[in-house]
file query.txt (compact mmCIF, C-alpha atoms)
# COMPACT_ATOMS: atom_id res chain seq x y z
CA MET A 26 109.89 131.47 87.03
CA ILE A 27 111.14 128.43 85.10
CA TYR A 28 109.41 126.19 87.61
CA ARG A 29 106.15 128.06 87.08
CA PHE A 30 106.57 127.81 83.33
CA LEU A 31 107.16 124.03 83.53
CA ASN A 32 104.26 123.69 85.91
CA ASN A 33 101.98 125.31 83.35
CA ILE A 34 103.34 123.08 80.61
CA ASP A 35 102.74 120.06 82.83
CA ARG A 36 99.11 121.05 83.23
CA VAL A 37 98.60 121.00 79.48
CA LEU A 38 100.96 118.30 78.25
CA THR A 39 101.62 116.20 81.39
CA VAL A 40 105.33 115.77 81.87
CA GLU A 41 106.48 112.18 82.29
CA ARG A 42 106.77 111.11 85.94
CA VAL A 43 109.84 109.58 87.49
CA ASP A 44 109.54 107.85 90.85
CA ALA A 45 111.73 108.64 93.80
CA HIS A 46 110.19 105.55 95.28
CA CYS A 47 110.09 105.52 99.03
CA ASP A 48 108.92 103.06 101.63
CA ILE A 49 107.11 105.69 103.65
CA PRO A 50 104.36 104.68 103.98
CA CYS A 51 104.75 101.83 101.47
CA GLY A 52 106.67 99.65 103.93
CA ILE A 53 103.63 99.46 106.15
CA TYR A 54 100.61 97.99 104.45
CA ASP A 55 97.49 96.74 106.18
CA PRO A 56 93.99 96.44 104.73
CA ILE A 57 92.48 96.93 108.19
CA ILE A 58 92.36 100.70 107.55
CA ALA A 59 90.15 100.11 104.52
CA GLN A 60 88.08 97.54 106.42
CA ILE A 61 87.44 99.91 109.32
CA ALA A 62 86.68 102.74 106.91
CA ALA A 63 84.08 100.54 105.19
CA LEU A 64 82.66 99.59 108.56
CA THR A 65 82.42 103.29 109.43
CA VAL A 66 80.38 103.86 106.28
CA VAL A 67 77.83 101.27 107.48
CA ARG A 68 77.85 102.83 110.95
CA MET A 69 77.14 106.30 109.56
CA ILE A 70 74.24 104.97 107.49
CA ASP A 71 72.85 103.32 110.65
CA LEU A 72 73.16 106.58 112.58
CA MET A 73 71.47 108.46 109.74
CA THR A 74 68.62 105.93 109.80
CA ASP A 75 68.28 106.19 113.60
CA LEU A 76 68.16 109.96 113.42
CA ASP A 77 65.56 109.87 110.69
CA ASN A 78 63.43 107.39 112.61
CA LYS A 79 63.34 109.64 115.65
CA GLY A 80 60.99 111.91 113.78
CA GLY A 81 60.42 115.42 115.03
CA ASP A 82 61.42 118.69 113.44
CA LYS A 83 64.06 118.87 110.81
CA ASN A 84 65.61 121.70 112.77
CA LYS A 85 69.18 122.94 112.82
CA GLU A 86 70.20 120.26 115.34
CA TYR A 87 68.88 117.58 113.00
CA ILE A 88 70.62 119.14 110.01
CA ASN A 89 73.84 119.52 111.96
CA SER A 90 73.90 115.85 113.04
CA MET A 91 72.85 114.55 109.66
CA SER A 92 75.47 116.69 107.90
CA ARG A 93 78.18 115.32 110.16
CA TYR A 94 77.14 111.71 109.48
CA VAL A 95 77.12 112.33 105.74
CA ALA A 96 80.51 114.05 105.88
CA ILE A 97 82.07 111.14 107.78
CA LYS A 98 80.46 108.65 105.40
CA GLU A 99 81.94 110.54 102.44
CA GLU A 100 85.37 110.72 104.05
CA HIS A 101 85.56 107.05 104.99
CA ALA A 102 84.22 105.75 101.68
CA GLU A 103 87.00 107.67 99.97
CA LYS A 104 89.55 106.51 102.53
CA ALA A 105 88.58 102.88 101.92
CA LYS A 106 89.06 103.36 98.19
CA ALA A 107 92.40 105.12 98.65
CA GLU A 108 93.79 102.46 101.00
CA VAL A 109 92.82 99.66 98.64
CA ARG A 110 94.37 101.53 95.70
CA VAL A 111 97.67 101.89 97.55
CA ILE A 112 97.91 98.20 98.40
CA TRP A 113 96.81 97.21 94.92
CA GLY A 114 99.19 99.61 93.18
CA ASP A 115 102.22 99.55 95.47
CA PHE A 116 102.25 96.27 97.33
CA LEU A 117 100.71 93.63 95.06
CA LYS A 118 103.18 92.41 92.46
CA ALA A 119 102.81 90.34 89.30
CA GLN A 120 103.26 87.06 91.14
CA HIS A 121 100.46 87.96 93.56
CA LEU A 122 98.15 88.85 90.70
CA GLU A 123 98.92 85.53 89.05
CA LYS A 124 98.04 83.75 92.27
CA TYR A 125 94.84 85.81 92.68
CA PRO A 126 93.66 86.53 89.12
CA ASN A 127 90.39 88.08 90.33
CA THR A 128 92.22 90.96 92.06
CA HIS A 129 91.79 93.59 89.34
CA ALA A 130 88.07 92.89 89.01
CA LEU A 131 87.67 92.95 92.79
CA VAL A 132 89.49 96.28 93.14
CA HIS A 133 87.35 97.74 90.39
CA GLN A 134 84.26 96.51 92.21
CA ILE A 135 85.50 98.14 95.44
CA MET A 136 86.01 101.46 93.62
CA GLN A 137 82.48 101.28 92.23
CA LEU A 138 80.92 100.29 95.55
CA GLY A 139 82.89 103.00 97.38
CA SER A 140 81.49 105.61 95.01
CA LYS A 141 77.96 104.25 95.34
CA THR A 142 78.14 104.47 99.13
CA ARG A 143 78.94 108.16 98.72
CA GLN A 144 76.14 108.74 96.25
CA THR A 145 73.49 106.90 98.29
CA ALA A 146 72.59 105.96 101.86
CA ASP A 147 71.90 102.35 100.88
CA ARG A 148 73.00 100.01 103.67
CA GLU A 149 73.00 96.99 101.38
CA ILE A 150 75.62 98.63 99.14
CA ALA A 151 77.73 99.52 102.17
CA LEU A 152 77.56 95.88 103.29
CA GLN A 153 78.72 94.82 99.84
CA LEU A 154 81.65 97.23 100.23
CA VAL A 155 82.62 95.63 103.55
CA ASP A 156 82.39 92.18 101.99
CA ALA A 157 84.47 93.12 98.94
CA ILE A 158 87.18 94.72 101.10
CA ASN A 159 87.20 91.60 103.28
CA GLN A 160 87.88 89.55 100.16
CA PHE A 161 90.67 91.99 99.27
CA ALA A 162 92.10 91.58 102.79
CA GLU A 163 92.17 87.80 102.28
CA ILE A 164 94.14 88.32 99.06
CA PHE A 165 96.55 90.70 100.80
CA TRP A 166 97.29 88.35 103.70
CA GLY A 167 97.41 85.41 101.31
CA ALA A 168 100.07 87.23 99.31
CA LYS A 169 102.08 87.48 102.52
CA ASN A 170 101.41 83.80 103.29
CA ILE A 171 99.67 84.77 106.51
CA PRO A 172 96.51 82.81 107.35
CA THR A 173 93.32 84.70 108.12
CA LYS A 174 90.20 84.26 110.17
CA ARG A 175 86.82 85.93 110.13
CA ALA A 176 85.45 87.41 113.35
CA LEU A 177 82.83 89.94 114.33
CA ALA A 178 84.20 93.44 114.84
CA PRO A 179 84.11 94.29 118.56
CA TYR A 180 82.27 97.55 117.89
CA ALA A 181 79.10 98.63 116.13
CA PRO A 182 77.96 97.67 113.57
CA HIS A 183 79.53 94.35 114.64
CA LEU A 184 80.05 93.04 111.13
CA GLU A 185 82.37 90.22 110.20
CA LEU A 186 85.90 91.29 109.32
CA VAL A 187 88.90 89.37 108.03
CA TYR A 188 91.84 89.41 110.44
CA PRO A 189 95.34 87.96 110.06
CA VAL A 190 96.22 85.05 112.33
CA LEU A 191 99.63 86.16 113.58
CA MET B 28 118.49 113.97 73.81
CA LEU B 29 117.15 116.01 76.71
CA HIS B 30 114.22 114.66 78.65
CA ILE B 31 112.11 116.39 81.26
CA TYR B 32 110.58 114.51 84.17
CA ARG B 33 108.53 115.40 87.23
CA ILE B 34 109.36 113.70 90.53
CA ARG B 35 106.94 111.54 92.47
CA GLY B 36 107.83 110.16 95.90
CA HIS B 37 110.09 111.15 98.73
CA SER B 38 113.19 109.00 98.49
CA LEU B 39 115.52 111.84 97.46
CA GLU B 40 114.33 114.32 100.05
CA PRO B 41 115.24 116.88 101.17
CA GLU B 42 117.10 117.85 97.99
CA TYR B 43 114.60 116.53 95.47
CA GLN B 44 110.97 116.81 96.47
CA PRO B 45 107.74 115.57 94.91
CA GLY B 46 106.65 117.95 92.16
CA ASP B 47 110.17 119.10 91.29
CA PHE B 48 111.26 118.89 87.67
CA VAL B 49 114.52 117.43 86.40
CA ILE B 50 116.09 117.55 82.99
CA ALA B 51 118.16 114.49 82.14
CA SER B 52 120.22 113.29 79.23
CA LYS B 53 122.20 110.24 78.29
CA ILE B 54 124.78 112.31 76.38
CA PRO B 55 127.21 112.68 79.34
CA PHE B 56 127.47 108.89 79.50
CA PHE B 57 128.74 108.80 75.93
CA PHE B 58 131.88 110.43 77.34
CA HIS B 59 132.21 108.82 80.75
CA THR B 60 130.74 105.93 82.70
CA PRO B 61 128.33 106.81 85.52
CA LYS B 62 130.02 107.86 88.75
CA THR B 63 129.18 107.42 92.39
CA GLY B 64 127.03 110.27 93.66
CA GLU B 65 125.51 111.18 90.32
CA VAL B 66 121.74 111.30 90.13
CA VAL B 67 120.35 109.15 87.35
CA ILE B 68 117.05 108.15 85.81
CA PHE B 69 116.73 104.47 85.04
CA ALA B 70 114.10 101.92 84.07
CA HIS B 71 113.28 99.15 86.51
CA ALA B 72 111.18 96.13 85.52
CA GLU B 73 109.17 96.16 88.72
CA TYR B 74 109.18 99.79 89.86
CA GLY B 75 109.13 101.57 86.48
CA LEU B 76 111.01 104.80 85.87
CA LEU B 77 113.11 105.70 88.90
CA ILE B 78 115.45 108.47 90.00
CA LYS B 79 118.23 107.67 92.48
CA HIS B 80 121.77 108.49 93.53
CA ILE B 81 124.44 106.11 92.30
CA GLN B 82 125.87 104.30 95.31
CA SER B 83 128.55 102.28 93.56
CA VAL B 84 129.66 101.34 90.07
CA ASP B 85 131.19 98.04 89.05
CA THR B 86 132.83 98.65 85.69
CA THR B 87 133.78 94.97 85.32
CA THR B 88 130.21 93.68 85.38
CA LYS B 89 128.82 96.99 84.01
CA GLN B 90 126.41 97.20 86.91
CA LEU B 91 125.72 99.81 89.54
CA THR B 92 123.84 100.09 92.78
CA VAL B 93 121.63 103.00 93.72
CA MET B 94 120.23 104.62 96.83
CA GLY B 95 117.89 107.36 97.91
CA THR B 96 118.70 110.00 100.48
CA HIS B 97 115.65 109.34 102.59
CA PRO B 98 116.23 106.66 105.28
CA TYR B 99 113.17 104.72 104.12
CA SER B 100 113.95 104.89 100.44
CA VAL B 101 113.71 101.76 98.36
CA ASP B 102 117.34 101.08 97.54
CA SER B 103 119.51 98.38 96.04
CA ARG B 104 118.39 95.86 98.64
CA GLN B 105 115.01 95.86 96.95
CA LEU B 106 116.00 97.01 93.49
CA GLY B 107 119.00 94.76 92.93
CA ALA B 108 121.95 95.75 90.78
CA ILE B 109 121.14 98.05 87.88
CA ALA B 110 122.71 97.30 84.51
CA LEU B 111 124.29 100.26 82.74
CA HIS B 112 121.96 99.78 79.78
CA GLN B 113 119.01 100.47 82.10
CA ILE B 114 120.24 104.01 82.66
CA ILE B 115 118.14 106.50 80.73
CA GLY B 116 119.99 109.64 81.67
CA LYS B 117 121.96 111.72 84.08
CA VAL B 118 120.17 114.54 85.85
CA LEU B 119 121.65 117.76 84.53
CA TRP B 120 119.23 120.32 85.84
CA HIS B 121 116.97 120.38 88.87
CA ILE B 122 114.10 122.86 88.79
CA HIS B 123 112.09 123.43 91.92
CA PRO B 124 109.97 126.15 93.53
CA LYS B 125 111.61 128.54 95.99
CA ARG B 126 112.27 126.87 99.36

call {"tool": "encode", "arguments": {"input": "query.txt", "output": "C-alpha cells"}}
result
Amino acid sequence: MIYRFLNNIDRVLTVERVDAHCDIPCGIYDPIIAQIAALTVVRMIDLMTDLDNKGGDKNKEYINSMSRYVAIKEEHAEKAKAEVRVIWGDFLKAQHLEKYPNTHALVHQIMQLGSKTRQTADREIALQLVDAINQFAEIFWGAKNIPTKRALAPYAPHLELVYPVL
Amino acid sequence: MLHIYRIRGHSLEPEYQPGDFVIASKIPFFFHTPKTGEVVIFAHAEYGLLIKHIQSVDTTTKQLTVMGTHPYSVDSRQLGAIALHQIIGKVLWHIHPKR
C-alpha cells in the first residue's frame, strides 16, 4: 500500500532517482547494433519500394507485407536511437566529449533523423541516419583508441559501415 | 532530514530492484560513522547519485569503499574511494512492491 502511494506521488512529483549503477549491459558497448539497425531501416524502405513497384492489387497480401516492413522500420529506427543514447549517456565521459566536441550535436542529429525515418519512407533520410551513426561509431572507437576502417556491409543494402580494426 | 529516492539500475539486486523506493537520512551518521554492510546514498562526480553497500571503512583517512550485490555492479574498482563527506544518507527504509 505504501509502495502504491509512493508510486502515485512519483507520477505527480517525480521522486529523485538514485542509481544502483550496474555494468549489465553497460560493460558491453558497441555501436554496431545501432549501425545495423540503421541499415535495416534502409533495407525496409527498399523492400517497401520494391513492393510498391510491383503494382497489382493492394490486397491483403500487399497490406500484410507492407505492414511488416513498416513495423520493422519503426522498430529498428527506435533501436538505433536507443543504442546511441546508451553509449552517449553511459559510456562517453567528459574527456571523450572534450576530445570530440561535436558529439552532442551529432547525437541530437541522430535522434532527429531516427524520428524522421519513422515518420517518412524517405531513403535519403535513412542514408543520412546511417552516415550520422557511422560518424558516431568513429567517435566511440576513437574514445577507446581503436582505429577504424570503412567497408561495405556484406549484406543488402551494401552500404558503407565503420568497423573497428582489432 | 529524510529524503526519498527511487532506484534505477540493477547493482543491488536481488534485494533492491529498479523502481523500489528508499528513505534515507544523514542523521544516523551524526551519532556513528558509517559501518560495513550499511546501504548508503552518496554523490559521485562521474556517476551522480548512487546507492551501494559499504564494503570497508577507513576511519583514519575518512574514506570508504562500496560495492553492489550484483556480480556486474560498478564497484570501488571503478568508483574509487568515497570520502565520508560524499555520503548523503543511510538507507533507513526500503519500500518495494510485493515479491

call {"tool": "closest_atom_pairs", "arguments": {"input": "query.txt", "of": "chain B", "to": "chain A", "cutoff": "10 Å", "atoms": "all atoms listed in the file", "output": "JSON lines"}}
result
{"residue": "B:His30", "atom": "CA", "partner": "A:Glu41", "partner_atom": "CA", "distance": 8.9}
{"residue": "B:Ile31", "atom": "CA", "partner": "A:Val40", "partner_atom": "CA", "distance": 6.8}
{"residue": "B:Tyr32", "atom": "CA", "partner": "A:Glu41", "partner_atom": "CA", "distance": 5.1}
{"residue": "B:Arg33", "atom": "CA", "partner": "A:Arg42", "partner_atom": "CA", "distance": 4.8}
{"residue": "B:Ile34", "atom": "CA", "partner": "A:Val43", "partner_atom": "CA", "distance": 5.1}
{"residue": "B:Arg35", "atom": "CA", "partner": "A:Asp44", "partner_atom": "CA", "distance": 4.8}
{"residue": "B:Gly36", "atom": "CA", "partner": "A:Ala45", "partner_atom": "CA", "distance": 4.7}
{"residue": "B:His37", "atom": "CA", "partner": "A:Cys47", "partner_atom": "CA", "distance": 5.6}
{"residue": "B:Ser38", "atom": "CA", "partner": "A:Cys47", "partner_atom": "CA", "distance": 4.7}
{"residue": "B:Leu39", "atom": "CA", "partner": "A:Ala45", "partner_atom": "CA", "distance": 6.2}
{"residue": "B:Glu40", "atom": "CA", "partner": "A:Ala45", "partner_atom": "CA", "distance": 8.8}
{"residue": "B:Tyr43", "atom": "CA", "partner": "A:Ala45", "partner_atom": "CA", "distance": 8.6}
{"residue": "B:Gln44", "atom": "CA", "partner": "A:Ala45", "partner_atom": "CA", "distance": 8.6}
{"residue": "B:Pro45", "atom": "CA", "partner": "A:Ala45", "partner_atom": "CA", "distance": 8.1}
{"residue": "B:Gly46", "atom": "CA", "partner": "A:Asn32", "partner_atom": "CA", "distance": 8.8}
{"residue": "B:Asp47", "atom": "CA", "partner": "A:Tyr28", "partner_atom": "CA", "distance": 8.0}
{"residue": "B:Phe48", "atom": "CA", "partner": "A:Tyr28", "partner_atom": "CA", "distance": 7.5}
{"residue": "B:Val49", "atom": "CA", "partner": "A:Val43", "partner_atom": "CA", "distance": 9.2}
{"residue": "B:Ile68", "atom": "CA", "partner": "A:Val43", "partner_atom": "CA", "distance": 7.5}
{"residue": "B:Phe69", "atom": "CA", "partner": "A:Val43", "partner_atom": "CA", "distance": 8.9}
{"residue": "B:Ala70", "atom": "CA", "partner": "A:Val43", "partner_atom": "CA", "distance": 9.4}
{"residue": "B:Glu73", "atom": "CA", "partner": "A:Lys118", "partner_atom": "CA", "distance": 8.0}
{"residue": "B:Tyr74", "atom": "CA", "partner": "A:His46", "partner_atom": "CA", "distance": 8.0}
{"residue": "B:Gly75", "atom": "CA", "partner": "A:Asp44", "partner_atom": "CA", "distance": 7.7}
{"residue": "B:Leu76", "atom": "CA", "partner": "A:Val43", "partner_atom": "CA", "distance": 5.2}
{"residue": "B:Leu77", "atom": "CA", "partner": "A:Asp44", "partner_atom": "CA", "distance": 4.6}
{"residue": "B:Ile78", "atom": "CA", "partner": "A:Ala45", "partner_atom": "CA", "distance": 5.3}
{"residue": "B:Lys79", "atom": "CA", "partner": "A:Ala45", "partner_atom": "CA", "distance": 6.7}
{"residue": "B:Met94", "atom": "CA", "partner": "A:Ala45", "partner_atom": "CA", "distance": 9.9}
{"residue": "B:Gly95", "atom": "CA", "partner": "A:Ala45", "partner_atom": "CA", "distance": 7.5}
{"residue": "B:Thr96", "atom": "CA", "partner": "A:Ala45", "partner_atom": "CA", "distance": 9.7}
{"residue": "B:His97", "atom": "CA", "partner": "A:Cys47", "partner_atom": "CA", "distance": 7.6}
{"residue": "B:Pro98", "atom": "CA", "partner": "A:Cys47", "partner_atom": "CA", "distance": 8.8}
{"residue": "B:Tyr99", "atom": "CA", "partner": "A:Asp48", "partner_atom": "CA", "distance": 5.2}
{"residue": "B:Ser100", "atom": "CA", "partner": "A:Cys47", "partner_atom": "CA", "distance": 4.2}
{"residue": "B:Val101", "atom": "CA", "partner": "A:Cys47", "partner_atom": "CA", "distance": 5.3}
{"residue": "B:Asp102", "atom": "CA", "partner": "A:Cys47", "partner_atom": "CA", "distance": 8.6}
{"residue": "B:His121", "atom": "CA", "partner": "A:Tyr28", "partner_atom": "CA", "distance": 9.6}
{"residue": "B:Ile122", "atom": "CA", "partner": "A:Tyr28", "partner_atom": "CA", "distance": 5.9}
{"residue": "B:His123", "atom": "CA", "partner": "A:Tyr28", "partner_atom": "CA", "distance": 5.8}
{"residue": "B:Pro124", "atom": "CA", "partner": "A:Tyr28", "partner_atom": "CA", "distance": 5.9}
{"residue": "B:Lys125", "atom": "CA", "partner": "A:Tyr28", "partner_atom": "CA", "distance": 9.0}

call {"tool": "residues_around", "arguments": {"input": "query.txt", "residues": "Thr128 in chain A", "least_positions_apart": "5", "cutoff": "10 Å", "atoms": "only C-alpha atoms", "output": "PyMOL selection string"}}
result
chain A and resi 113+117+121-123+133-134+160-161+164-165

call {"tool": "atom_distance", "arguments": {"input": "query.txt", "atom1": "CA of Glu149 in chain A", "atom2": "CA of Tyr87 in chain A"}}
result
24.0 Å

call {"tool": "atom_distance", "arguments": {"input": "query.txt", "atom1": "CA of Asp71 in chain A", "atom2": "CA of Val132 in chain A"}}
result
25.2 Å

call {"tool": "residues_around", "arguments": {"input": "query.txt", "residues": "range 171-174 of chain A", "least_positions_apart": "6", "cutoff": "7 Å", "atoms": "only C-alpha atoms", "output": "PDB file with C-alpha atoms, keeping the file's coordinate frame"}}
result
ATOM      1  CA  GLU A 163      92.170  87.800 102.280  1.00  0.00           C
ATOM      2  CA  VAL A 187      88.900  89.370 108.030  1.00  0.00           C
ATOM      3  CA  TYR A 188      91.840  89.410 110.440  1.00  0.00           C
ATOM      4  CA  PRO A 189      95.340  87.960 110.060  1.00  0.00           C
ATOM      5  CA  VAL A 190      96.220  85.050 112.330  1.00  0.00           C
TER       6      VAL A 190
END

call {"tool": "atom_distance", "arguments": {"input": "query.txt", "atom1": "CA of Leu154 in chain A", "atom2": "CA of Ser92 in chain A"}}
result
21.8 Å

call {"tool": "closest_residue", "arguments": {"input": "query.txt", "among": "B:Gln90, B:Thr63, B:Ile50, B:Phe58", "to": "Leu119 in chain B", "atoms": "all atoms listed in the file"}}
result
B:Ile50

call {"tool": "axis_aligned_box", "arguments": {"input": "query.txt", "around": "range 55-59 of chain B", "padding_each_side": "8 Å", "output": "JSON"}}
result
{"center_x": 129.7, "center_y": 110.7, "center_z": 78.3, "size_x": 21.0, "size_y": 19.9, "size_z": 20.8}

call {"tool": "residues_around", "arguments": {"input": "query.txt", "residues": "Asp85 in chain B", "least_positions_apart": "4", "cutoff": "10 Å", "atoms": "all atoms listed in the file", "output": "PyMOL selection string"}}
result
chain B and resi 61-62+89-92+108+110-111

call {"tool": "residues_around", "arguments": {"input": "query.txt", "residues": "Glu108 in chain A", "least_positions_apart": "2", "cutoff": "9 Å", "atoms": "all atoms listed in the file", "output": "number ranges by chain"}}
result
A: 54-56, 58-59, 103-106, 110-113

call {"tool": "decode", "arguments": {"input": "query.txt", "residues": "range 175-190 of chain A", "atoms": "N, CA, C and O atoms", "output": "short mmCIF file (atom, residue, chain, number, x, y, z; two decimals), in the first residue's frame"}}
result
data_model
loop_
_atom_site.label_atom_id
_atom_site.label_comp_id
_atom_site.auth_asym_id
_atom_site.auth_seq_id
_atom_site.Cartn_x
_atom_site.Cartn_y
_atom_site.Cartn_z
N ARG A 175 36.44 1.84 -43.02
CA ARG A 175 35.12 1.83 -43.63
C ARG A 175 35.08 0.72 -44.68
O ARG A 175 36.01 0.59 -45.48
N ALA A 176 34.03 -0.07 -44.64
CA ALA A 176 33.89 -1.16 -45.63
C ALA A 176 32.41 -1.35 -45.92
O ALA A 176 31.55 -1.00 -45.10
N LEU A 177 32.13 -1.90 -47.11
CA LEU A 177 30.74 -2.15 -47.46
C LEU A 177 30.19 -3.30 -46.64
O LEU A 177 30.87 -4.33 -46.46
N ALA A 178 28.99 -3.13 -46.14
CA ALA A 178 28.35 -4.21 -45.37
C ALA A 178 28.14 -5.41 -46.29
O ALA A 178 27.73 -5.22 -47.45
N PRO A 179 28.41 -6.62 -45.80
CA PRO A 179 28.31 -7.79 -46.68
C PRO A 179 26.88 -8.30 -46.86
O PRO A 179 26.65 -9.48 -47.05
N TYR A 180 25.92 -7.42 -46.74
CA TYR A 180 24.52 -7.79 -46.94
C TYR A 180 23.77 -6.55 -47.42
O TYR A 180 24.21 -5.42 -47.20
N ALA A 181 22.66 -6.80 -48.10
CA ALA A 181 21.86 -5.67 -48.61
C ALA A 181 21.44 -4.80 -47.44
O ALA A 181 21.14 -5.34 -46.37
N PRO A 182 21.49 -3.50 -47.64
CA PRO A 182 21.70 -2.73 -48.86
C PRO A 182 23.17 -2.38 -49.16
O PRO A 182 23.41 -1.45 -49.93
N HIS A 183 24.09 -3.13 -48.65
CA HIS A 183 25.52 -2.99 -49.01
C HIS A 183 26.02 -1.55 -48.89
O HIS A 183 26.70 -1.04 -49.79
N LEU A 184 25.69 -0.92 -47.80
CA LEU A 184 26.18 0.45 -47.57
C LEU A 184 27.48 0.39 -46.77
O LEU A 184 27.79 -0.62 -46.13
N GLU A 185 28.19 1.51 -46.82
CA GLU A 185 29.46 1.58 -46.10
C GLU A 185 29.21 1.71 -44.60
O GLU A 185 28.40 2.52 -44.16
N LEU A 186 29.92 0.89 -43.84
CA LEU A 186 29.83 0.97 -42.38
C LEU A 186 31.23 1.17 -41.80
O LEU A 186 32.22 0.77 -42.40
N VAL A 187 31.26 1.75 -40.62
CA VAL A 187 32.53 1.91 -39.89
C VAL A 187 32.74 0.68 -39.02
O VAL A 187 31.84 0.29 -38.26
N TYR A 188 33.91 0.07 -39.14
CA TYR A 188 34.24 -1.11 -38.34
C TYR A 188 35.53 -0.84 -37.55
O TYR A 188 36.43 -0.15 -38.05
N PRO A 189 35.65 -1.41 -36.36
CA PRO A 189 36.93 -1.28 -35.64
C PRO A 189 37.99 -2.18 -36.29
O PRO A 189 37.66 -3.26 -36.81
N VAL A 190 39.21 -1.72 -36.27
CA VAL A 190 40.33 -2.55 -36.72
C VAL A 190 40.95 -3.16 -35.47
O VAL A 190 41.68 -2.49 -34.74
#
